[in-house]
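S.K.: Please see the structure below; I have some questions.
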Protein chains: 2
Amino acid sequence: MGGDFAPHATLQGAREALEAWPGLRLFLVGNEGVIRPELPKYGFTPALMSRVELVHAFHTVMMEDKATCILKEKKDSSIRVAAQLVREGRAHGVVSMGHTGAAMVASSLVIGKLDGVDRPALASVLPNMKGTPTVLLDVGANVDCRAVHIAQFAVMGSVYAEEVLGLERPRVGILSVGEEDGKGTDVTKDASAMLREMEINFEGNAEGRDIWNGSFDVIACDGFVGNIVLKSSEALAEGIIAGLRESFMQSALTKFAGLLAKPAMKSFKKKLDYSEYGGAPLLGVKGVSIIGHGRSDAKAVRNAIRAALRAAEHSLHQRIQERVALLLPQD
Amino acid sequence: MGGDFAPHATLQGAREALEAWPGLRLFLVGNEGVIRPELPKYGFTPALMSRVELVHAFHTVMMEDKATCILKEKKDSSIRVAAQLVREGRAHGVVSMGHTGAAMVASSLVIGKLDGVDRPALASVLPNMKGTPTVLLDVGANVDCRAVHIAQFAVMGSVYAEEVLGLERPRVGILSVGEEDGKGTDVTKDASAMLREMEINFEGNAEGRDIWNGSFDVIACDGFVGNIVLKSSEALAEGIIAGLRESFMQSALTKFAGLLAKPAMKSFKKKLDYSEYGGAPLLGVKGVSIIGHGRSDAKAVRNAIRAALRAAEHSLHQRIQERVALLLPQD
């Protein structure tokens, strides 16, 4: 029910996912009175419906709601009911395009945190300039992180890159202000020391530019920095594209050029397109949780479901559990 | 002597600045044996030379040097000799395109910090999507900042925006993860509380996207976040431009479109061009210090000199001193 284009984009994306992956079974969680009449329009044939179960949830979390509303006022919201299915072992994972905070609360408190994980982390899978994905985490506003939290983020991100993105020995870094080990805050330096002991491919400090140049596969940071970098990057990229479009409107000649340039611009935008990776996994909970962008279209929904499917097939949270357990307990 | 295109870009920019602003007088600080023979090539006529004084400095700080080399091994480096001229009151300010760290050390230790300023801050003047400048500070890697440092950055940035950029009642924010006052780290929340007591136009939390959308004129943050955001943004913008260029190379049609699109691309790049603002002021020292990008061309050098000239004309550091004194002493 959540997201700017729900339930249309959600239903369209869900149907495409069912067609694409025959092993997939879906619960559609939301207001049954709204969803059921829509199903035929989106091509949910009886054959597809044999792999679908509708689960009614009365409430929808709105963007203006507080994340914690699902604990009190909106216990019967679609995100909470969906998380409950995971908790009960009826579903392997939950995919949501709605209120990010509510999805994080539902995942952390209803599905529950993994043992040894202090704070689940939201991981953003970004397209870098080499055309490969870079995993940046946490981008979910975990503020005031301690070193052990950042070390956990790094380990979880590494497992995700390996298991779900299929990268071999992902190169892991900690976001800091200089390449040298001595550079950074006390927190990043302590986190580095912990990671050097781990059996992951830890390559030390990553700088701001490394988020985009493909030198690292996984970059860990506290949720304050991660959230600011992500929001700033989104705004900058949108601003550059909008500014270019405006430049093309200056004269008849540039308008003509703009028209001819459309295919190039389009193929380029595809490269930058977050919907290719489909959503941000929330790592560190006892199941799969993928949180998509509110603006997700059908394709983004479909790809978010694919990400959830892959994570479930690789028993992602069990792999994370095993690896996080190797981090020495801190306090 | 510093910067990727020294001494050529420096001399060319210096000559253009002398022509543009008749009130300007310049010391050219560097290896006299290198500089003097070059002067005629760059149009330093006898008339212009009446406003120029050559000051010899034997050493040049190289990019691979440590910032602190100017305190020991390279006491006779151009950046230190230039800072010494400011310390002695012979020059109002120093402009450098060289080693950022060395310029910061020279400014902080040789020119000296203002009373009441714990840490000088490097301010980046960024072009936002409304076509106005946004001042982001600190971007100079002041890590592990306390609230009072961030409050000082905000006050110094506000004075700079008002005095040098000519903005009336600049809108000042603190970089954080949400608009609401309750959001952020303990440090940002304490800094906000301090700024609410000040006579600046403090508008609370700024988010990552606000760096680019023009909602704020001045955004203060610790140097860890600021440095990461700045380097990440530079890499993203460069990557987008490079990616677009590549897209235009795909076929004969898109190549033709690219050719026609050149003027539009050029006018757009001008908008994003950091060299328009000429360099980053280091705020909080007893004089003017402008630190340019290593890649500065003549135009960037010229504009950095303009920024220094304006700061000197407005007695920037005295204005900062007066305003910072109003922040209650902490500790």
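Residues in the structure tokens are numbered from 1 in each chain, the chains being A, B, ... in the order shown, and ligands are numbered from 1 in the order shown.
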Could the residues of chain A within 7 Å of chain B, counting only C-alpha atoms, be given as a ChimeraX atom specification, please?

M.R.: /A:129,141,143-144,177,184-185,207-209,211-212,224-225,227-229,231-233,235-236,239,243-244,247-248,254,257-258,260-261,264-265,267-268

S.K.: From a backbone DSSP assignment, name each residue in stretch 73-137 of chain A labelled strand (DSSP E), as a PyMOL selection string.

M.R.: chain A and resi 93-96+121-127+133-137

S.K.: Per DSSP on the backbone, filter stretch 152-267 of chain A down to the residues in helix (DSSP H, G or I) and report them as an MDAnalysis selection string.

M.R.: chainID A and resid 152:163 186:196 210:213 223:248 252:267

S.K.: List the spatial neighbours of stretch 2-11 of chain B as a PyMOL selection string - criterion: any atom at most 10 Å away, only C-alpha atoms, same-chain residues fewer than 4 positions off excluded.

M.R.: chain B and resi 15-17+28+30-31+34-35+38-39+41-44+60-63+78-79+95-100+103+292-302

S.K.: Using only C-alpha atoms for the distances, tell me which of A:Val110, A:Leu18, A:Ala57, A:Ala151 is nearest to A:Cys221.

M.R.: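 So, comparing all the options, the nearest one is A:Ala151.
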
S.K.: For A:Ser289, which of A:Arg146, A:Lys113, A:Arg171, A:Lys189 is the closest residue, counting only C-alpha atoms?

M.R.: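 Ranked by minimum distance to A:Ser289, first place goes to A:Lys113.
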
S.K.: Could you state the separation of atom CA of A:Ala147 and atom CA of A:Met194 in Å, given to one decimal place?

M.R.: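 These two atoms are separated by 8.3 Å.
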
S.K.: Please list as an NGL selection string every residue within 12 Å of A:Leu326, counting only C-alpha atoms and excluding residues in the same chain fewer than 6 positions away.

M.R.: :A and (115-117 or 151-152 or 155-156 or 194-195 or 197-200 or 319-320)

S.K.: Deliver the residues from the most recent selection as a file, using N, CA, C and O atoms, as a compact mmCIF listing (two decimals), in the first residue's frame.

M.R.:
```txt
# COMPACT_ATOMS: atom_id res chain seq x y z
N ASP A 115 21.04 -11.94 16.45
CA ASP A 115 21.93 -11.93 17.60
C ASP A 115 23.29 -11.37 17.17
O ASP A 115 23.81 -11.74 16.11
N GLY A 116 23.85 -10.50 17.96
CA GLY A 116 25.16 -9.94 17.64
C GLY A 116 25.10 -8.71 16.77
O GLY A 116 26.13 -8.10 16.49
N VAL A 117 23.91 -8.34 16.31
CA VAL A 117 23.77 -7.11 15.54
C VAL A 117 23.12 -6.06 16.44
O VAL A 117 22.01 -6.26 16.92
N ALA A 151 31.84 -1.45 12.21
CA ALA A 151 32.46 -2.73 11.84
C ALA A 151 31.37 -3.74 11.45
O ALA A 151 31.52 -4.49 10.48
N GLN A 152 30.27 -3.76 12.20
CA GLN A 152 29.17 -4.67 11.85
C GLN A 152 28.58 -4.31 10.48
O GLN A 152 28.27 -5.19 9.67
N VAL A 155 30.84 -5.71 7.78
CA VAL A 155 30.73 -7.17 7.62
C VAL A 155 29.41 -7.53 6.92
O VAL A 155 29.39 -8.33 5.98
N MET A 156 28.33 -6.92 7.34
CA MET A 156 27.03 -7.21 6.72
C MET A 156 27.01 -6.81 5.25
O MET A 156 26.50 -7.54 4.40
N MET A 194 39.27 -3.18 14.18
CA MET A 194 38.46 -4.40 14.32
C MET A 194 38.38 -5.16 13.00
O MET A 194 38.44 -6.39 12.98
N LEU A 195 38.22 -4.43 11.90
CA LEU A 195 38.01 -5.11 10.62
C LEU A 195 39.28 -5.77 10.11
O LEU A 195 39.23 -6.74 9.36
N GLU A 197 41.13 -7.55 11.70
CA GLU A 197 41.19 -8.89 12.30
C GLU A 197 40.23 -9.86 11.62
O GLU A 197 40.23 -11.05 11.91
N MET A 198 39.34 -9.36 10.80
CA MET A 198 38.27 -10.19 10.25
C MET A 198 38.67 -10.83 8.93
O MET A 198 39.51 -10.32 8.22
N GLU A 199 37.97 -11.92 8.62
CA GLU A 199 38.23 -12.55 7.32
C GLU A 199 37.37 -11.94 6.23
O GLU A 199 36.60 -12.63 5.55
N ILE A 200 37.47 -10.65 6.10
CA ILE A 200 36.86 -10.02 4.93
C ILE A 200 37.97 -9.28 4.22
O ILE A 200 39.06 -9.08 4.77
N ARG A 319 23.82 -16.21 6.71
CA ARG A 319 25.23 -15.93 6.38
C ARG A 319 25.73 -14.74 7.20
O ARG A 319 26.86 -14.73 7.69
N ILE A 320 24.88 -13.70 7.32
CA ILE A 320 25.28 -12.52 8.11
C ILE A 320 25.48 -12.91 9.57
O ILE A 320 26.48 -12.55 10.19
```

S.K.: Identify, on the basis of only C-alpha atoms, every residue whose closest approach to A:Glu53 does not exceed 12 Å; exclude the query and any residue fewer than 5 positions from it along the same chain; express the result as an MDAnalysis selection string.

M.R.: chainID A and resid 24:30 32 35:36 39 44 46 48 82 85 90:91

S.K.: Mind writing the picked residues with C-alpha atoms as an mmCIF file, in the first residue's frame?

M.R.:
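Generated file (out29.cif):
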```cif
data_model
loop_
_atom_site.group_PDB
_atom_site.id
_atom_site.type_symbol
_atom_site.label_atom_id
_atom_site.label_comp_id
_atom_site.auth_asym_id
_atom_site.auth_seq_id
_atom_site.Cartn_x
_atom_site.Cartn_y
_atom_site.Cartn_z
ATOM 1 C CA LEU A 24 8.368 -17.095 -6.542
ATOM 2 C CA ARG A 25 5.324 -17.024 -4.307
ATOM 3 C CA LEU A 26 3.898 -13.773 -3.052
ATOM 4 C CA PHE A 27 1.732 -12.482 -0.279
ATOM 5 C CA LEU A 28 0.053 -9.249 -1.306
ATOM 6 C CA VAL A 29 -0.527 -7.405 1.955
ATOM 7 C CA GLY A 30 -2.911 -4.469 2.091
ATOM 8 C CA GLU A 32 -8.293 -6.223 0.363
ATOM 9 C CA ILE A 35 -6.475 -4.598 -4.012
ATOM 10 C CA ARG A 36 -8.797 -7.414 -5.087
ATOM 11 C CA LEU A 39 -5.980 -7.623 -9.786
ATOM 12 C CA PHE A 44 -3.147 -11.633 -12.424
ATOM 13 C CA PRO A 46 -5.784 -17.727 -12.320
ATOM 14 C CA LEU A 48 -0.496 -16.653 -11.429
ATOM 15 C CA ALA A 82 3.797 -8.165 6.307
ATOM 16 C CA LEU A 85 4.359 -12.982 8.205
ATOM 17 C CA ARG A 90 5.276 -17.903 6.672
ATOM 18 C CA ALA A 91 7.260 -15.528 4.428
#
```

S.K.: May I ask which of the residues A:Ala252, A:Val218, A:Val55, A:Val285 is the closest one to A:Glu168, counting only C-alpha atoms?

M.R.: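 Nearest to A:Glu168: A:Val218.
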
S.K.: Contacts of stretch 135-138 of chain B at 7 Å or less, counting only C-alpha atoms, minus same-chain residues fewer than 5 places along, as a list in words?

M.R.: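 The neighbour list is Ala121, Leu122, Ala123, Ser124, Val125, Leu126, Phe153, Gly157, Asp217, Val218, Ile219, Ala220, Cys221, Asp222, Gly223 and Gly226 of chain B.
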